[in-house]
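Peer 1: Structure file my_file-v1.cif (mmCIF, C-alpha atoms) is given on the next line.
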```cif
data_data
loop_
_atom_site.label_atom_id
_atom_site.label_comp_id
_atom_site.auth_asym_id
_atom_site.auth_seq_id
_atom_site.Cartn_x
_atom_site.Cartn_y
_atom_site.Cartn_z
CA MET A 1 -53.12 -18.65 175.27
CA ASN A 2 -50.91 -20.94 173.22
CA PRO A 3 -47.46 -21.36 174.84
CA LEU A 4 -45.82 -20.70 171.48
CA GLU A 5 -47.76 -17.42 171.15
CA THR A 6 -46.74 -16.43 174.68
CA ARG A 7 -43.11 -17.20 173.93
CA GLY A 8 -43.32 -15.24 170.67
CA ARG A 9 -44.81 -12.18 172.39
CA SER A 10 -42.19 -12.34 175.13
CA ARG A 11 -39.48 -12.43 172.51
CA VAL A 12 -40.97 -9.41 170.74
CA VAL A 13 -41.11 -7.49 174.02
CA LEU A 14 -37.49 -8.37 174.77
CA TRP A 15 -36.38 -7.22 171.33
CA LEU A 16 -38.29 -3.95 171.74
CA LEU A 17 -36.67 -3.35 175.13
CA LEU A 18 -33.25 -4.14 173.67
CA ALA A 19 -33.84 -1.74 170.77
CA ALA A 20 -34.95 0.99 173.19
CA ALA A 21 -31.84 0.44 175.35
CA ILE A 22 -29.57 0.63 172.31
CA ILE A 23 -31.23 3.84 171.12
CA LEU A 24 -30.97 5.48 174.55
CA TYR A 25 -27.36 4.36 174.98
CA GLY A 26 -26.32 5.34 171.46
CA PHE A 27 -28.20 8.65 171.16
CA PRO A 28 -25.44 10.84 172.71
CA PHE A 29 -22.90 9.51 170.19
CA ILE A 30 -25.38 9.84 167.31
CA TYR A 31 -26.10 13.43 168.36
CA LEU A 32 -22.35 14.08 168.52
CA LEU A 33 -21.92 12.78 164.95
CA LEU A 34 -24.84 14.84 163.66
CA THR A 35 -23.51 17.97 165.35
CA SER A 36 -20.10 17.44 163.79
CA PHE A 37 -21.67 17.77 160.33
CA LYS A 38 -23.52 21.00 161.13
CA ALA A 39 -22.41 24.43 159.99
CA PRO A 40 -20.47 26.24 162.76
CA LEU A 41 -23.33 28.63 163.53
CA ASP A 42 -25.91 25.83 163.53
CA ALA A 43 -23.81 23.90 166.06
CA ILE A 44 -24.22 26.69 168.63
CA ALA A 45 -27.82 27.60 167.77
CA VAL A 46 -30.33 27.98 170.64
CA PRO A 47 -32.49 25.98 170.87
CA PRO A 48 -30.34 23.23 169.35
CA SER A 49 -31.62 21.03 166.54
CA VAL A 50 -30.88 17.33 166.30
CA PHE A 51 -30.47 17.11 162.53
CA PRO A 52 -28.24 19.49 160.57
CA GLU A 53 -29.94 21.71 158.02
CA VAL A 54 -26.94 21.41 155.71
CA LEU A 55 -24.30 18.69 155.85
CA THR A 56 -20.76 20.06 155.83
CA LEU A 57 -17.24 18.85 156.56
CA GLU A 58 -16.11 22.31 157.62
CA ASN A 59 -15.80 21.30 161.29
CA TYR A 60 -13.55 18.35 160.43
CA VAL A 61 -11.32 20.44 158.18
CA SER A 62 -10.92 23.22 160.74
CA ALA A 63 -10.47 20.83 163.69
CA LEU A 64 -7.80 18.68 162.04
CA ALA A 65 -5.99 21.75 160.72
CA ARG A 66 -5.89 23.35 164.15
CA GLU A 67 -2.43 23.75 165.66
CA GLY A 68 -1.53 20.94 168.05
CA VAL A 69 -4.28 18.53 166.98
CA PRO A 70 -2.16 16.13 164.84
CA ALA A 71 0.54 16.02 167.54
CA ALA A 72 -2.10 15.36 170.22
CA LEU A 73 -3.53 12.44 168.23
CA ILE A 74 -0.05 10.93 167.93
CA ASN A 75 0.59 11.49 171.64
CA SER A 76 -2.69 9.75 172.51
CA VAL A 77 -1.79 6.70 170.43
CA VAL A 78 1.76 6.46 171.81
CA THR A 79 0.61 6.93 175.41
CA ALA A 80 -2.22 4.39 175.15
CA VAL A 81 -0.04 1.77 173.43
CA VAL A 82 2.80 2.14 175.95
CA SER A 83 0.39 2.09 178.90
CA THR A 84 -1.38 -1.02 177.55
CA ALA A 85 1.94 -2.80 176.99
CA LEU A 86 3.16 -1.95 180.50
CA SER A 87 -0.12 -3.13 182.03
CA LEU A 88 0.01 -6.48 180.26
CA VAL A 89 3.72 -7.04 180.94
CA LEU A 90 3.17 -6.46 184.66
CA ALA A 91 -0.31 -7.97 185.03
CA VAL A 92 0.24 -11.30 183.24
CA PRO A 93 3.06 -12.68 185.46
CA ALA A 94 1.46 -11.24 188.60
CA ALA A 95 -1.92 -12.83 187.84
CA TYR A 96 -0.30 -16.13 186.82
CA ALA A 97 1.67 -16.33 190.06
CA ILE A 98 -1.43 -15.50 192.12
CA THR A 99 -3.54 -18.20 190.49
CA ARG A 100 -0.87 -20.91 190.46
CA PHE A 101 0.62 -20.51 193.95
CA ARG A 102 -2.68 -19.57 195.63
CA THR A 103 -1.09 -18.10 198.74
CA PRO A 104 -3.09 -16.02 201.25
CA SER A 105 -0.88 -13.03 200.46
CA GLY A 106 -1.76 -13.41 196.79
CA ARG A 107 -5.49 -13.25 197.52
CA VAL A 108 -4.91 -10.21 199.72
CA PHE A 109 -2.93 -8.62 196.88
CA VAL A 110 -5.82 -9.06 194.42
CA VAL A 111 -8.28 -7.50 196.85
CA ALA A 112 -5.87 -4.64 197.57
CA ALA A 113 -5.44 -4.06 193.85
CA LEU A 114 -9.20 -3.74 193.44
CA VAL A 115 -9.45 -1.40 196.44
CA THR A 116 -7.01 0.99 194.75
CA ARG A 117 -9.55 1.33 191.92
CA MET A 118 -11.94 2.92 194.42
CA VAL A 119 -9.55 5.78 195.21
CA PRO A 120 -10.53 8.91 193.22
CA THR A 121 -7.84 9.88 190.75
CA ILE A 122 -8.01 13.48 191.95
CA ALA A 123 -6.78 12.27 195.37
CA VAL A 124 -3.50 10.99 193.91
CA GLY A 125 -3.14 13.65 191.23
CA ALA A 126 -0.97 16.10 193.19
CA PRO A 127 1.39 13.45 194.69
CA LEU A 128 1.74 11.87 191.26
CA VAL A 129 2.75 15.20 189.74
CA GLU A 130 5.50 15.54 192.35
CA ILE A 131 6.70 11.97 191.72
CA MET A 132 6.81 12.48 187.96
CA ARG A 133 8.60 15.80 188.41
CA GLY A 134 11.18 14.09 190.60
CA LEU A 135 11.70 11.43 187.91
CA GLY A 136 12.00 14.11 185.25
CA VAL A 137 9.24 12.67 183.06
CA THR A 138 6.61 15.41 183.23
CA ASP A 139 5.20 16.51 179.87
CA THR A 140 6.38 13.27 178.23
CA SER A 141 4.32 10.47 176.73
CA PHE A 142 6.23 7.90 178.78
CA GLY A 143 5.53 9.70 182.05
CA LEU A 144 1.84 9.97 181.22
CA ALA A 145 1.79 6.28 180.23
CA LEU A 146 3.25 5.41 183.65
CA ALA A 147 0.47 7.40 185.31
CA HIS A 148 -2.17 5.68 183.19
CA THR A 149 -0.70 2.31 184.08
CA THR A 150 -1.51 2.99 187.72
CA ILE A 151 -5.16 3.20 186.64
CA SER A 152 -5.31 0.15 184.38
CA LEU A 153 -2.93 -2.24 186.19
CA PRO A 154 -5.22 -3.24 189.13
CA LEU A 155 -8.10 -4.13 186.80
CA SER A 156 -5.70 -5.88 184.41
CA ILE A 157 -4.38 -8.09 187.22
CA TRP A 158 -7.89 -8.95 188.38
CA LEU A 159 -9.09 -9.78 184.85
CA MET A 160 -6.07 -11.90 183.97
CA ALA A 161 -6.33 -13.76 187.30
CA SER A 162 -9.94 -14.69 186.49
CA PHE A 163 -8.91 -15.94 183.03
CA PHE A 164 -5.95 -17.95 184.36
CA GLU A 165 -8.26 -19.56 186.92
CA ALA A 166 -10.19 -21.12 184.04
CA VAL A 167 -7.09 -23.00 182.82
CA PRO A 168 -6.37 -26.29 184.64
CA ASP A 169 -3.08 -26.43 186.53
CA GLU A 170 -2.37 -29.80 184.95
CA LEU A 171 -1.60 -28.21 181.57
CA GLY A 172 1.25 -26.14 182.97
CA GLU A 173 2.50 -29.07 185.04
CA ALA A 174 2.54 -31.29 181.95
CA ALA A 175 4.61 -28.70 180.10
CA GLN A 176 7.06 -28.58 183.01
CA ILE A 177 7.38 -32.37 182.93
CA ASP A 178 8.26 -32.06 179.23
CA GLY A 179 11.14 -29.75 180.11
CA CYS A 180 9.62 -26.27 180.21
CA SER A 181 10.34 -23.92 183.06
CA ARG A 182 7.35 -22.28 184.76
CA PRO A 183 7.69 -19.04 182.73
CA GLN A 184 8.04 -21.07 179.52
CA ALA A 185 4.93 -23.08 180.40
CA MET A 186 3.04 -19.85 180.93
CA VAL A 187 4.16 -18.35 177.59
CA ARG A 188 3.96 -21.46 175.41
CA VAL A 189 0.97 -23.30 176.87
CA VAL A 190 -1.24 -21.14 179.06
CA LEU A 191 -1.15 -17.77 177.30
CA PRO A 192 -2.37 -19.15 173.94
CA LEU A 193 -5.37 -20.61 175.77
CA VAL A 194 -6.29 -17.23 177.28
CA SER A 195 -5.70 -15.14 174.15
CA GLY A 196 -9.29 -13.96 174.36
CA GLY A 197 -8.72 -12.84 177.92
CA LEU A 198 -5.59 -10.99 176.84
CA ALA A 199 -7.63 -9.19 174.19
CA VAL A 200 -10.28 -8.18 176.74
CA THR A 201 -7.65 -6.97 179.20
CA ALA A 202 -5.77 -5.08 176.48
CA ILE A 203 -8.92 -3.24 175.39
CA PHE A 204 -9.79 -2.22 178.95
CA ALA A 205 -6.22 -1.01 179.53
CA PHE A 206 -6.21 0.84 176.21
CA LEU A 207 -9.54 2.52 176.95
CA ALA A 208 -8.37 3.54 180.44
CA SER A 209 -5.53 5.48 178.85
CA TRP A 210 -7.34 6.63 175.70
CA ASN A 211 -10.20 8.28 177.61
CA GLU A 212 -8.24 9.59 180.61
CA PHE A 213 -8.35 13.36 181.13
CA LEU A 214 -7.23 14.38 184.62
CA PHE A 215 -3.69 12.98 184.60
CA ALA A 216 -3.22 14.24 181.04
CA LEU A 217 -4.24 17.70 182.21
CA LEU A 218 -1.95 17.68 185.26
CA LEU A 219 1.12 16.00 183.77
CA THR A 220 1.31 17.59 180.31
CA SER A 221 1.58 21.15 179.06
CA VAL A 222 2.69 21.29 175.42
CA ARG A 223 4.80 18.40 174.13
CA ALA A 224 2.77 15.44 175.42
CA GLN A 225 -0.77 16.82 175.44
CA THR A 226 -3.34 14.21 174.46
CA THR A 227 -6.51 14.72 172.46
CA PRO A 228 -9.00 14.92 175.40
CA VAL A 229 -7.10 17.94 176.76
CA VAL A 230 -6.97 19.56 173.33
CA ILE A 231 -10.71 19.01 172.82
CA ALA A 232 -11.44 20.68 176.16
CA ASN A 233 -9.48 23.76 175.03
CA PHE A 234 -11.47 24.35 171.84
CA GLN A 235 -12.63 27.96 171.93
CA SER A 236 -14.15 30.34 169.41
CA GLN A 237 -15.28 33.96 169.50
CA PHE A 238 -18.73 32.71 170.53
CA GLY A 239 -17.49 30.47 173.35
CA LEU A 240 -16.88 26.76 173.03
CA ASP A 241 -16.36 25.56 169.48
CA TRP A 242 -18.97 22.79 169.59
CA GLY A 243 -18.61 21.96 165.91
CA GLY A 244 -14.86 21.48 166.15
CA MET A 245 -15.11 19.63 169.47
CA THR A 246 -17.65 17.13 168.16
CA ALA A 247 -15.73 16.65 164.91
CA LEU A 248 -12.47 15.89 166.70
CA ALA A 249 -14.29 13.68 169.22
CA ALA A 250 -15.79 11.69 166.34
CA VAL A 251 -12.34 11.24 164.78
CA TYR A 252 -10.94 10.30 168.18
CA SER A 253 -13.55 7.53 168.51
CA ILE A 254 -12.50 5.76 165.30
CA PRO A 255 -9.39 3.90 166.62
CA VAL A 256 -11.30 2.45 169.58
CA ILE A 257 -14.16 1.30 167.33
CA LEU A 258 -11.73 -0.30 164.86
CA LEU A 259 -9.78 -1.97 167.68
CA THR A 260 -12.97 -3.43 169.15
CA LEU A 261 -14.13 -4.73 165.77
CA PHE A 262 -10.70 -6.21 165.04
CA LEU A 263 -10.58 -8.04 168.38
CA GLN A 264 -14.29 -8.90 168.48
CA ARG A 265 -13.78 -12.62 168.05
CA HIS A 266 -11.17 -12.75 170.79
CA ILE A 267 -13.33 -10.62 173.08
CA VAL A 268 -16.26 -13.03 172.81
CA ALA A 269 -13.94 -15.96 173.45
CA GLY A 270 -12.44 -14.18 176.45
CA LEU A 271 -15.79 -13.30 177.98
CA THR A 272 -16.98 -16.91 177.71
CA LEU A 273 -13.70 -18.45 178.89
CA GLY A 274 -14.35 -20.77 181.78
CA ALA A 275 -18.13 -20.74 181.31
CA VAL A 276 -18.15 -24.53 180.94
CA LYS A 277 -15.31 -25.28 183.35
CA GLY A 278 -15.88 -28.24 185.62
#
```
I need this file expressed as structure tokens, please.

Peer 2:
Amino acid sequence: MNPLETRGRSRVVLWLLLAAAIILYGFPFIYLLLTSFKAPLDAIAVPPSVFPEVLTLENYVSALAREGVPAALINSVVTAVVSTALSLVLAVPAAYAITRFRTPSGRVFVVAALVTRMVPTIAVGAPLVEIMRGLGVTDTSFGLALAHTTISLPLSIWLMASFFEAVPDELGEAAQIDGCSRPQAMVRVVLPLVSGGLAVTAIFAFLASWNEFLFALLLTSVRAQTTPVVIANFQSQFGLDWGGMTALAAVYSIPVILLTLFLQRHIVAGLTLGAVKG
């Protein structure tokens, strides 16, 4: 067989496999969107149908008009933004120090940070509730953001350390020779070079807070409830309000999709940073 024909068939097979993977991965979200446009009774029909018989916005109207939903959306945004900011403010200097000083304790710290990611959140849920109660920040967006930072910070440090490793030490040293202090060299010289890495880290930190459920359930009651908790509480006279839940979940997905699209260029740059180092 002609090598060009073989290469062409292999490419077709790869594209078919990629298309199949995308369909399988995206089907749950597509089904969620389709369910959100079904009539309320169709959404709970047994057996369920994939496509709605009649398209309606009734679920969106009722979900967004439900008491507590607008406040929960605002709480989710505030909590995720504060948690992301705290993660970056703490992770950037920590990762920079680890990669520039390269001490044994720094390497141990990075490994220890990753090990904390393996601890189930349910294991630290009860102690965290007591800590937050002692600080007087239960049922507040700031207290929940602090809790979410404990989830995102270890990964943020590890990601930023890998991005800083791709930047030669000589650039920071040259800035120091020109009169910059070490923090100034980091802010003025190194950080602009790892802007893609910052974008990647920010998105992971934002998603860790945006999608978190357990801490939001344990640490909030009324004032600081986030959207995942509100979605879980959707009830109707027939049981779970699937139409309202899927409609609100679809709305809740929009900010993350827009954020990813907005930072797409930086994400690609961050993921390829250091690929040609050396």

Peer 1: Specify as a compact mmCIF listing (two decimals) with C-alpha atoms, keeping the file's coordinate frame each residue included when the PyMOL selection byres ((chain A and resi 119-133) around 12) is applied to this file.

Peer 2:
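Output below, filename part_32.txt:
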```txt
# COMPACT_ATOMS: atom_id res chain seq x y z
CA ALA A 112 -5.87 -4.64 197.57
CA ALA A 113 -5.44 -4.06 193.85
CA LEU A 114 -9.20 -3.74 193.44
CA VAL A 115 -9.45 -1.40 196.44
CA THR A 116 -7.01 0.99 194.75
CA ARG A 117 -9.55 1.33 191.92
CA MET A 118 -11.94 2.92 194.42
CA GLY A 134 11.18 14.09 190.60
CA LEU A 135 11.70 11.43 187.91
CA GLY A 136 12.00 14.11 185.25
CA VAL A 137 9.24 12.67 183.06
CA THR A 138 6.61 15.41 183.23
CA ASP A 139 5.20 16.51 179.87
CA THR A 140 6.38 13.27 178.23
CA SER A 141 4.32 10.47 176.73
CA PHE A 142 6.23 7.90 178.78
CA GLY A 143 5.53 9.70 182.05
CA LEU A 144 1.84 9.97 181.22
CA ALA A 145 1.79 6.28 180.23
CA LEU A 146 3.25 5.41 183.65
CA ALA A 147 0.47 7.40 185.31
CA HIS A 148 -2.17 5.68 183.19
CA THR A 150 -1.51 2.99 187.72
CA ILE A 151 -5.16 3.20 186.64
CA SER A 152 -5.31 0.15 184.38
CA PRO A 154 -5.22 -3.24 189.13
CA GLU A 212 -8.24 9.59 180.61
CA PHE A 213 -8.35 13.36 181.13
CA LEU A 214 -7.23 14.38 184.62
CA PHE A 215 -3.69 12.98 184.60
CA ALA A 216 -3.22 14.24 181.04
CA LEU A 217 -4.24 17.70 182.21
CA LEU A 218 -1.95 17.68 185.26
CA LEU A 219 1.12 16.00 183.77
CA THR A 220 1.31 17.59 180.31
```

Peer 1: Running the PyMOL selection byres ((chain A and resi 183) around 12) on this model by hand, what would come out? Give it as JSON, numbers by chain.

Peer 2: {"A": [92, 93, 94, 96, 97, 100, 172, 173, 175, 176, 179, 180, 181, 182, 184, 185, 186, 187, 188, 189, 190, 191]}

Peer 1: Is there a way to get, as JSON, numbers by chain, all residues within 8 Å of the point (-12.3, -8.7, 189.9) in file coordinates, counting all atoms listed in the file?

Peer 2: {"A": [110, 114, 155, 158, 159, 162]}

Peer 1: With the file shown as input, list the residues that the PyMOL selection byres ((chain A and resi 88-90) around 9) selects, as number ranges by chain.

Peer 2: A: 83-87, 91-95, 153, 156-157, 160, 198, 201-202, 205

Peer 1: Please indicate the distance in Å from atom CA of A:Ile23 to atom CA of A:Phe37, rounded to one decimal place.

Peer 2: 20.0 Å

Peer 1: Check the smallest atom-to-atom distance from each of A:Thr103, A:Ser253, A:Gln235, A:Asn75 to A:Asn211 using only C-alpha atoms, then report the winner.

Peer 2: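 When distances to A:Asn211 are compared using only C-alpha atoms, the smallest one comes from A:Ser253.
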
Peer 1: Using all atoms listed in the file, which of A:Leu55, A:Phe204, A:Ile44, A:Asp169 sits nearest A:Leu240?

Peer 2: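 The answer is A:Ile44, which sits nearest to A:Leu240.
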
Peer 1: By how many Å are atom CA of A:Ala19 and atom CA of A:Leu259 apart?

Peer 2: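 Taking atom CA of A:Ala19 and atom CA of A:Leu259, their separation equals 24.3 Å.
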
Peer 1: How far is it from atom CA of A:Pro40 to atom CA of A:Leu248, in Å with one decimal?

Peer 2: 13.7 Å

Peer 1: Could you tell me, as an MDAnalysis selection string, which residues have any atom at most 12 Å from (-26.2, 16.2, 163.0), counting only C-alpha atoms?

Peer 2: chainID A and resid 27:40 42:43 48:57 59 242:243 246:247 250

Peer 1: Excluding A:Leu64 and any residue of its chain fewer than 6 positions from it, enumerate the residues within 12 Å of it, using only C-alpha atoms, and give them as a ChimeraX atom specification.

Peer 2: /A:57-58,70-73,227,230-231,234,243-252

Peer 1: Please dump the current selection as an mmCIF file, keeping the file's coordinate frame; keep C-alpha atoms.

Peer 2:
```
data_model
loop_
_atom_site.group_PDB
_atom_site.id
_atom_site.type_symbol
_atom_site.label_atom_id
_atom_site.label_comp_id
_atom_site.auth_asym_id
_atom_site.auth_seq_id
_atom_site.Cartn_x
_atom_site.Cartn_y
_atom_site.Cartn_z
ATOM 1 C CA LEU A 57 -17.240 18.850 156.560
ATOM 2 C CA GLU A 58 -16.110 22.310 157.620
ATOM 3 C CA PRO A 70 -2.160 16.130 164.840
ATOM 4 C CA ALA A 71 0.540 16.020 167.540
ATOM 5 C CA ALA A 72 -2.100 15.360 170.220
ATOM 6 C CA LEU A 73 -3.530 12.440 168.230
ATOM 7 C CA THR A 227 -6.510 14.720 172.460
ATOM 8 C CA VAL A 230 -6.970 19.560 173.330
ATOM 9 C CA ILE A 231 -10.710 19.010 172.820
ATOM 10 C CA PHE A 234 -11.470 24.350 171.840
ATOM 11 C CA GLY A 243 -18.610 21.960 165.910
ATOM 12 C CA GLY A 244 -14.860 21.480 166.150
ATOM 13 C CA MET A 245 -15.110 19.630 169.470
ATOM 14 C CA THR A 246 -17.650 17.130 168.160
ATOM 15 C CA ALA A 247 -15.730 16.650 164.910
ATOM 16 C CA LEU A 248 -12.470 15.890 166.700
ATOM 17 C CA ALA A 249 -14.290 13.680 169.220
ATOM 18 C CA ALA A 250 -15.790 11.690 166.340
ATOM 19 C CA VAL A 251 -12.340 11.240 164.780
ATOM 20 C CA TYR A 252 -10.940 10.300 168.180
#
```

Peer 1: Considering only C-alpha atoms, can you say which of A:Val167, A:Ala80, A:Asp241, A:Val194 comes closest to A:Arg66?

Peer 2: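 Answer, going by the shortest atom-to-atom distance: A:Asp241.
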